[in-house]
$ cat entry.txt   # compact mmCIF, C-alpha atoms
# COMPACT_ATOMS: atom_id res chain seq x y z
CA MET C 1 84.85 -214.62 90.19
CA ALA C 2 82.60 -213.72 87.23
CA THR C 3 80.90 -216.54 85.42
CA ASP C 4 80.69 -216.93 81.67
CA HIS C 5 76.99 -216.04 81.95
CA ASP C 6 77.74 -212.74 83.67
CA GLN C 7 80.56 -211.88 81.25
CA ALA C 8 78.21 -212.35 78.32
CA GLY C 9 75.90 -209.73 79.81
CA ASP C 10 72.87 -212.02 79.53
CA CYS C 11 71.61 -211.80 83.10
CA PRO C 12 67.80 -211.58 83.49
CA ASP C 13 67.92 -207.96 84.72
CA ASP C 14 69.78 -206.84 81.59
CA VAL C 15 67.34 -208.67 79.33
CA GLU C 16 64.33 -207.11 81.06
CA SER C 17 65.93 -203.68 80.85
CA VAL C 18 66.52 -204.02 77.10
CA GLU C 19 62.98 -205.31 76.50
CA GLU C 20 61.49 -202.46 78.55
CA GLU C 21 63.51 -199.90 76.63
CA GLU C 22 62.42 -201.37 73.29
CA LEU C 23 58.78 -201.35 74.46
CA ASN C 24 59.03 -197.68 75.45
CA GLN C 25 60.54 -196.82 72.10
CA GLU C 26 57.75 -198.65 70.29
CA ILE C 27 55.13 -196.81 72.38
CA SER C 28 56.80 -193.50 71.52
CA ARG C 29 56.74 -194.36 67.82
CA GLN C 30 53.05 -195.26 68.00
CA ILE C 31 52.22 -192.00 69.78
CA GLU C 32 54.06 -190.00 67.11
CA ASN C 33 51.84 -191.65 64.49
CA PHE C 34 48.79 -190.18 66.23
CA PRO C 35 49.53 -186.46 66.76
CA HIS C 36 46.19 -185.79 68.45
CA VAL C 37 46.93 -188.40 71.10
CA TYR C 38 50.41 -187.01 71.59
CA ALA C 39 49.06 -183.46 71.91
CA ALA C 40 46.48 -184.58 74.48
CA LEU C 41 49.14 -186.34 76.57
CA GLN C 42 51.42 -183.32 76.34
CA SER C 43 48.57 -181.02 77.38
CA GLN C 44 47.79 -183.24 80.35
CA ARG C 45 51.45 -183.21 81.45
CA ASN C 46 51.54 -179.42 81.16
CA ALA C 47 48.33 -179.10 83.20
CA GLU C 48 49.75 -181.34 85.92
CA MET C 49 52.98 -179.32 85.98
CA LEU C 50 51.11 -176.02 86.32
CA ALA C 51 48.81 -177.41 89.02
CA LEU C 52 51.82 -178.24 91.22
CA LEU C 53 53.27 -174.71 91.07
CA PRO C 54 53.05 -172.44 94.14
CA LEU C 55 50.05 -170.08 94.27
CA SER C 56 52.31 -167.02 93.95
CA VAL C 57 53.80 -168.37 90.72
CA LYS C 58 50.35 -169.21 89.33
CA ARG C 59 49.28 -165.62 90.06
CA ARG C 60 52.22 -164.24 88.08
CA ILE C 61 51.49 -166.58 85.16
CA LYS C 62 47.92 -165.25 85.02
CA ALA C 63 49.31 -161.71 84.89
CA LEU C 64 51.53 -162.74 81.97
CA LYS C 65 48.52 -164.19 80.16
CA LYS C 66 46.67 -160.90 80.52
CA LEU C 67 49.68 -159.15 79.00
CA GLN C 68 49.72 -161.75 76.24
CA LEU C 69 46.05 -161.06 75.48
CA ASP C 70 46.79 -157.33 75.22
CA THR C 71 49.55 -157.97 72.68
CA THR C 72 47.29 -160.39 70.76
CA ASN C 73 44.63 -157.68 70.44
CA ILE C 74 47.27 -155.26 69.15
CA GLU C 75 48.40 -157.93 66.69
CA ALA C 76 44.82 -158.22 65.41
CA LYS C 77 44.76 -154.45 64.80
CA PHE C 78 48.07 -154.75 62.95
CA PHE C 79 46.69 -157.42 60.59
CA LYS C 80 43.53 -155.37 60.03
CA GLU C 81 45.65 -152.38 58.97
CA VAL C 82 47.70 -154.65 56.70
CA HIS C 83 44.49 -155.80 55.02
CA ASP C 84 43.34 -152.19 54.58
CA LEU C 85 46.73 -151.40 53.03
CA GLU C 86 46.36 -154.36 50.66
CA CYS C 87 42.98 -153.01 49.58
CA LYS C 88 44.51 -149.59 48.97
CA TYR C 89 47.27 -150.98 46.76
CA HIS C 90 44.86 -153.34 45.04
CA LYS C 91 43.22 -150.27 43.53
CA LEU C 92 46.61 -149.22 42.15
CA TYR C 93 47.06 -152.62 40.49
CA GLN C 94 43.67 -152.51 38.77
CA PRO C 95 44.66 -150.40 35.71
CA PHE C 96 47.47 -152.85 34.92
CA TYR C 97 45.13 -155.84 35.28
CA GLU C 98 42.62 -154.13 32.98
CA LYS C 99 45.30 -153.53 30.35
CA ARG C 100 46.38 -157.16 30.65
CA ASN C 101 42.79 -158.14 30.00
CA THR C 102 42.61 -156.05 26.80
CA ILE C 103 45.82 -157.64 25.47
CA VAL C 104 44.75 -161.19 26.36
CA ASN C 105 41.37 -160.78 24.66
CA GLY C 106 42.64 -158.92 21.61
CA THR C 107 40.91 -155.57 22.13
CA TYR C 108 44.28 -153.84 22.35
CA GLU C 109 47.47 -154.53 20.43
CA PRO C 110 50.63 -153.54 22.33
CA THR C 111 53.09 -151.23 20.60
CA ASP C 112 56.61 -152.28 19.65
CA GLU C 113 57.93 -150.36 22.62
CA GLU C 114 55.50 -152.05 25.00
CA SER C 115 56.48 -155.44 23.58
CA GLN C 116 60.21 -155.07 24.18
CA TRP C 117 61.31 -157.82 26.55
CA PRO C 118 64.55 -159.83 26.53
CA SER C 119 63.91 -163.52 26.03
CA ASP C 120 65.91 -165.60 28.49
CA ASP C 121 65.34 -168.68 26.33
CA GLU C 122 66.83 -167.21 23.15
CA SER C 123 69.58 -164.84 24.27
CA ASP C 124 72.31 -167.50 24.45
CA LEU C 125 71.38 -169.38 21.28
CA PRO C 126 73.70 -169.45 18.22
CA GLU C 127 73.00 -166.84 15.52
CA ALA C 128 71.87 -169.50 13.03
CA ILE C 129 69.21 -170.75 15.42
CA LYS C 130 68.08 -167.19 16.18
CA GLU C 131 67.65 -166.52 12.47
CA LYS C 132 65.59 -169.70 12.03
CA ILE C 133 63.34 -168.69 14.93
CA LYS C 134 62.89 -165.27 13.36
CA LEU C 135 61.84 -166.81 10.03
CA ASP C 136 59.45 -169.21 11.77
CA ASP C 137 57.89 -166.35 13.73
CA THR C 138 57.38 -164.36 10.52
CA LYS C 139 55.72 -167.36 8.88
CA LYS C 140 53.45 -167.96 11.87
CA GLU C 141 52.52 -164.27 11.94
CA THR C 142 51.52 -164.42 8.29
CA GLU C 143 49.43 -167.56 8.77
CA ALA C 144 47.68 -166.32 11.91
CA THR C 145 46.71 -162.77 11.02
CA ASP C 146 43.16 -163.36 12.28
CA GLU C 147 44.31 -164.62 15.68
CA LYS C 148 43.46 -162.14 18.40
CA GLY C 149 44.95 -161.78 21.83
CA ILE C 150 46.37 -164.84 23.58
CA PRO C 151 44.18 -167.92 22.94
CA ASP C 152 43.28 -170.12 25.93
CA PHE C 153 45.18 -167.84 28.29
CA TRP C 154 43.29 -168.72 31.47
CA LEU C 155 42.67 -172.34 30.45
CA THR C 156 46.43 -172.80 30.07
CA ILE C 157 46.95 -171.34 33.53
CA PHE C 158 44.43 -173.81 34.94
CA ARG C 159 46.33 -176.64 33.27
CA ASN C 160 49.65 -175.40 34.66
CA VAL C 161 48.44 -175.20 38.27
CA THR C 162 47.93 -178.60 39.85
CA LEU C 163 45.51 -177.23 42.44
CA LEU C 164 43.18 -176.19 39.59
CA SER C 165 43.94 -178.82 36.96
CA ASP C 166 42.88 -181.55 39.37
CA MET C 167 39.42 -179.94 39.44
CA VAL C 168 39.03 -179.56 35.68
CA GLN C 169 37.23 -182.37 33.84
CA PRO C 170 37.21 -182.88 30.05
CA HIS C 171 33.64 -181.52 29.83
CA ASP C 172 34.81 -178.31 31.58
CA VAL C 173 37.40 -177.47 28.93
CA PRO C 174 35.07 -176.01 26.26
CA ILE C 175 33.57 -173.70 28.90
CA LEU C 176 36.94 -172.60 30.29
CA LYS C 177 37.99 -171.68 26.78
CA CYS C 178 35.38 -168.91 27.14
CA LEU C 179 36.93 -167.61 30.39
CA THR C 180 38.16 -164.11 29.54
CA ASP C 181 39.34 -162.81 32.90
CA ILE C 182 39.55 -163.41 36.65
CA LYS C 183 39.21 -160.32 38.82
CA THR C 184 39.45 -159.79 42.55
CA ILE C 185 37.53 -157.26 44.62
CA CYS C 186 38.98 -156.37 48.02
CA LYS C 187 36.61 -155.18 50.79
CA GLU C 188 37.82 -153.51 53.97
CA ASP C 189 34.78 -153.64 56.27
CA PRO C 190 33.56 -156.28 56.64
CA MET C 191 36.82 -157.93 55.71
CA LYS C 192 36.30 -160.01 52.59
CA PHE C 193 37.35 -160.56 48.99
CA ILE C 194 35.37 -161.55 45.92
CA LEU C 195 36.57 -163.51 42.90
CA GLU C 196 34.90 -162.71 39.59
CA PHE C 197 35.18 -165.15 36.69
CA HIS C 198 34.25 -163.37 33.44
CA PHE C 199 33.02 -165.40 30.45
CA SER C 200 32.28 -164.57 26.85
CA ALA C 201 28.92 -165.64 25.39
CA ASN C 202 28.69 -169.43 25.28
CA GLU C 203 26.18 -172.22 24.78
CA TYR C 204 26.44 -173.50 28.37
CA PHE C 205 25.06 -170.75 30.62
CA THR C 206 23.69 -167.23 30.37
CA ASN C 207 25.85 -165.69 33.12
CA THR C 208 28.59 -163.35 31.99
CA VAL C 209 30.18 -163.34 35.46
CA LEU C 210 30.41 -166.09 38.09
CA THR C 211 31.36 -165.00 41.60
CA LYS C 212 32.80 -166.54 44.74
CA GLU C 213 32.85 -164.50 47.95
CA TYR C 214 35.17 -165.21 50.89
CA GLU C 215 34.51 -163.66 54.30
CA MET C 216 37.37 -163.26 56.75
CA LYS C 217 37.70 -162.56 60.44
CA CYS C 218 40.57 -160.85 62.19
CA ALA C 219 39.90 -161.05 65.91
CA PRO C 220 40.91 -163.48 68.66
CA GLU C 221 38.25 -166.01 69.70
CA GLU C 222 36.86 -165.32 73.16
CA ASP C 223 37.21 -168.93 74.28
CA ASP C 224 40.64 -169.46 72.66
CA PRO C 225 42.33 -166.09 72.04
CA PHE C 226 45.89 -167.41 71.88
CA SER C 227 45.17 -169.52 68.80
CA PHE C 228 44.96 -166.28 66.79
CA GLU C 229 47.51 -166.16 63.94
CA GLY C 230 46.06 -163.45 61.72
CA PRO C 231 43.12 -163.10 59.32
CA GLU C 232 41.41 -166.31 58.35
CA ILE C 233 38.65 -167.23 55.94
CA PHE C 234 35.64 -168.59 57.81
CA LYS C 235 32.89 -168.56 55.19
CA CYS C 236 32.47 -168.66 51.41
CA THR C 237 29.46 -168.10 49.19
CA GLY C 238 29.07 -169.10 45.56
CA CYS C 239 26.52 -168.07 42.98
CA THR C 240 23.72 -169.54 40.91
CA ILE C 241 24.75 -170.67 37.43
CA ASN C 242 21.95 -170.27 34.92
CA TRP C 243 22.59 -173.35 32.84
CA ASN C 244 21.02 -173.72 29.43
CA LYS C 245 18.86 -176.80 29.00
CA GLY C 246 20.92 -179.96 28.79
CA LYS C 247 24.22 -178.11 29.31
CA ASN C 248 24.71 -178.42 33.07
CA VAL C 249 28.07 -180.21 33.43
CA THR C 250 27.79 -180.41 37.25
CA VAL C 251 25.12 -183.12 37.07
CA LYS C 252 24.69 -186.36 35.17
CA THR C 253 21.91 -188.87 34.75
CA VAL C 254 22.37 -192.50 35.68
CA LYS C 255 20.03 -195.42 35.07
CA LYS C 256 19.42 -198.01 37.74
CA LYS C 257 17.39 -201.20 37.60
CA GLN C 258 14.99 -201.90 40.44
CA LYS C 259 13.26 -205.22 41.13
CA HIS C 260 9.86 -205.39 42.83
CA LYS C 261 10.15 -207.45 46.03
CA SER C 262 6.97 -209.53 45.62
CA ARG C 263 6.12 -209.48 41.92
CA GLY C 264 9.70 -209.66 40.62
CA VAL C 265 9.02 -206.94 38.03
CA ILE C 266 12.11 -205.05 36.94
CA ARG C 267 11.94 -201.38 36.09
CA THR C 268 14.58 -198.86 35.04
CA VAL C 269 14.80 -195.62 37.03
CA THR C 270 16.70 -192.54 35.85
CA LYS C 271 18.33 -190.42 38.56
CA THR C 272 20.23 -187.14 38.47
CA VAL C 273 23.43 -187.15 40.54
CA GLN C 274 26.30 -184.74 41.04
CA ASN C 275 29.05 -184.87 38.44
CA ASP C 276 32.72 -184.00 38.97
CA SER C 277 33.35 -180.54 37.55
CA PHE C 278 35.33 -177.39 38.22
CA PHE C 279 32.04 -175.51 38.30
CA ASN C 280 31.09 -177.20 41.56
CA PHE C 281 33.50 -174.58 42.93
CA PHE C 282 30.59 -172.11 42.77
CA SER C 283 28.39 -174.29 45.00
CA PRO C 284 30.47 -174.71 48.17
CA PRO C 285 29.11 -176.59 51.19
CA THR C 286 27.59 -174.46 53.93
CA ILE C 287 27.60 -174.71 57.71
CA PRO C 288 24.71 -173.33 59.80
CA GLU C 289 25.85 -170.20 61.64
CA ASP C 290 24.93 -171.58 65.09
CA THR C 291 27.04 -174.73 64.58
CA LYS C 292 30.09 -175.05 66.82
CA GLU C 293 33.39 -175.79 65.11
CA GLU C 294 33.89 -179.04 67.01
CA ASP C 295 30.50 -180.26 65.77
CA VAL C 296 31.37 -179.87 62.09
CA ASP C 297 31.84 -183.14 60.23
CA GLU C 298 35.52 -183.78 59.48
CA ASP C 299 34.91 -184.45 55.77
CA LEU C 300 32.97 -181.19 55.48
CA ARG C 301 35.70 -179.31 57.32
CA ASN C 302 38.31 -180.72 54.93
CA LEU C 303 36.23 -179.69 51.90
CA LEU C 304 35.92 -176.14 53.20
CA THR C 305 39.61 -175.96 54.08
CA THR C 306 40.52 -176.99 50.52
CA ASP C 307 38.04 -174.47 49.12
CA PHE C 308 39.55 -171.69 51.24
CA GLU C 309 43.05 -172.62 50.06
CA ILE C 310 41.99 -172.48 46.41
CA GLY C 311 40.31 -169.09 46.80
CA HIS C 312 43.28 -167.65 48.66
CA TYR C 313 45.72 -169.02 46.08
CA ILE C 314 43.79 -167.54 43.15
CA ARG C 315 43.68 -164.16 44.86
CA GLU C 316 47.25 -164.04 46.18
CA ARG C 317 49.17 -165.79 43.43
CA ILE C 318 47.35 -166.50 40.19
CA VAL C 319 45.64 -163.17 39.50
CA PRO C 320 48.70 -161.01 40.31
CA ARG C 321 51.16 -163.22 38.36
CA ALA C 322 48.95 -164.67 35.66
CA VAL C 323 51.42 -164.37 32.76
CA LEU C 324 54.10 -166.25 34.72
CA PHE C 325 51.71 -169.11 35.38
CA PHE C 326 50.79 -169.10 31.67
CA THR C 327 54.44 -169.43 30.61
CA GLY C 328 55.31 -171.81 33.46
CA GLU C 329 58.13 -169.57 34.68
CA VAL C 330 56.86 -169.55 38.25
CA CYS C 331 57.06 -173.33 38.34
CA GLU C 332 60.50 -173.39 36.71
CA ASP C 333 61.98 -171.20 39.42
CA GLU C 334 60.49 -173.33 42.19
CA ASP C 335 61.59 -176.61 40.57
CA GLU C 336 65.15 -175.27 40.33
CA PHE C 337 65.02 -174.33 44.02
CA GLU C 338 63.90 -177.85 44.88
CA GLU C 339 66.79 -179.40 42.95
CA GLU C 340 69.32 -177.21 44.75
CA GLU C 341 67.86 -178.28 48.08
CA GLU C 342 68.10 -181.94 47.10
CA GLU C 343 71.74 -181.53 46.10
CA ASP C 344 72.55 -179.93 49.45
CA ASP C 345 70.77 -182.77 51.23
CA ASP C 346 72.84 -185.32 49.33
CA GLU C 347 76.07 -183.64 50.36
CA ASP C 348 75.06 -183.72 54.01
CA ASP C 349 73.66 -187.25 53.79
CA GLY C 350 70.25 -185.75 54.57
CA ASP C 351 70.67 -186.18 58.34
CA SER C 352 70.62 -182.66 59.75
CA ASP C 353 68.10 -181.17 57.32
CA ASP C 354 65.66 -184.04 57.71
CA LYS C 355 65.67 -183.61 61.45
CA GLU C 356 64.98 -179.88 61.22
CA THR C 357 62.37 -179.90 58.47
CA GLY C 358 60.88 -183.37 58.76
CA GLY C 359 62.22 -184.18 55.29
CA LYS C 360 59.90 -181.63 53.64
CA VAL C 361 61.06 -179.60 50.66
CA ASN C 362 60.22 -175.91 50.60
CA LYS C 363 58.45 -175.71 47.28
CA ASP C 364 55.10 -174.67 45.89
CA GLN C 365 53.09 -177.84 45.34
CA ASN C 366 50.51 -176.07 43.19
CA CYS C 367 52.53 -175.75 39.97
CA LYS C 368 53.44 -178.03 37.15
CA GLN C 369 55.16 -177.58 33.83
CA GLN C 370 53.36 -177.02 30.55
$ encode --input "entry.txt" --output "structure tokens"
Amino acid sequence: MATDHDQAGDCPDDVESVEEEELNQEISRQIENFPHVYAALQSQRNAEMLALLPLSVKRRIKALKKLQLDTTNIEAKFFKEVHDLECKYHKLYQPFYEKRNTIVNGTYEPTDEESQWPSDDESDLPEAIKEKIKLDDTKKETEATDEKGIPDFWLTIFRNVTLLSDMVQPHDVPILKCLTDIKTICKEDPMKFILEFHFSANEYFTNTVLTKEYEMKCAPEEDDPFSFEGPEIFKCTGCTINWNKGKNVTVKTVKKKQKHKSRGVIRTVTKTVQNDSFFNFFSPPTIPEDTKEEDVDEDLRNLLTTDFEIGHYIRERIVPRAVLFFTGEVCEDEDEFEEEEEEDDDEDDGDSDDKETGGKVNKDQNCKQQ
């Protein structure tokens, strides 16, 4: 006959089982919070599993790895040819970029035919509103006859792209107003690309062009060939900015008081320290060539990773689609996509999608509205 204690399910074995299960769950949660620990444990489990396999199976696995290496080497050749093709088509884009530059800087005025473009913002407006806009445009045109090109074109783009606007300080703005163009140069062998920032004459520095060079590699590492996922930037080089006296915005002077230990005399010392500025972009940190990747300081590695992301983004997105970043249209499209995703998540209570994507929204984090 069962006792009340047994019927309640509170026997010591049940309690211990529940506590053990809760402990295991807590351990699992803690491991998930430290992905490196989890990866190490998983790798150890895999190594133990492989070690227990029969010799004949291990032999076949090694044969498969040799086949995998052969396909990885072919993949590297594929990506190299893709890069060469990009360089080929980059030359075809250049005339259009050059014409864009002449329009932006007012050295060429587009014809009426070249300026024909349907405005998505105005097409559905009432006729009365359209007429008012037309009158306002005529008035503005009359008042701004001396205005050339598109003022603050690149500065506006910087402000519209979070990745860049976070780097820009108030003292950078007057200089970026002089930025007339950003060009990219694509090199096939060795694989690299160069960013050129062109400036009109200004009171800050004598350079007319500031450059940033990114070197890439497209070959599997000898000691870890299966980590290969395509071309990657491994090195970047800036340039020397010839600042005019007193105009270097990348440094600032600070005054500190020092007290003599024995005599108690206080003196004021002036020191020059680094100042936050977009133009630090042209003085990236460097790593000695003989330094192993695992020996690189984590903070330095993060700085370089961010730098590589910025350079890649300017080359792949901003330069080819500059006018859309100026108008904010790129960001509008991606914000609309995000909203649609959120609505779908709400309908499904967010359960299935969160499990598959980790709750992340597929959107470009580098844009913001004007």
$ residues_around --input "entry.txt" --residues "Val254 (chain C)" --least-positions-apart "5" --cutoff "10 Å" --atoms "only C-alpha atoms" --output "PyMOL selection string"
chain C and resi 269-273
$ residues_around --input "entry.txt" --residues "region 228-242 of chain C" --least-positions-apart "6" --cutoff "10 Å" --atoms "only C-alpha atoms" --output "number ranges by chain"
C: 72-73, 75-80, 82-83, 191-195, 204-221, 248, 279-287, 289, 304-305, 307-309, 311-312
$ atom_distance --input "entry.txt" --atom1 "CA of Glu98 (chain C)" --atom2 "CA of Val330 (chain C)"
21.6 Å
$ closest_residue --input "entry.txt" --among "C:Asn275, C:Asn105, C:Glu316, C:Pro118" --to "His198 (chain C)" --atoms "only C-alpha atoms"
C:Asn105
$ residues_near_point --input "entry.txt" --point "(29.6, -183.5, 35.9)" --cutoff "10 Å" --atoms "only C-alpha atoms" --output "list of chain:residue names"
C:Gln169, C:Pro170, C:His171, C:Asp172, C:Asn248, C:Val249, C:Thr250, C:Val251, C:Lys252, C:Thr253, C:Val273, C:Gln274, C:Asn275, C:Asp276, C:Ser277, C:Phe278, C:Phe279, C:Asn280
$ atom_distance --input "entry.txt" --atom1 "CA of Phe96 (chain C)" --atom2 "CA of Gly328 (chain C)"
20.6 Å
$ atom_distance --input "entry.txt" --atom1 "CA of Lys91 (chain C)" --atom2 "CA of Trp154 (chain C)"
22.0 Å
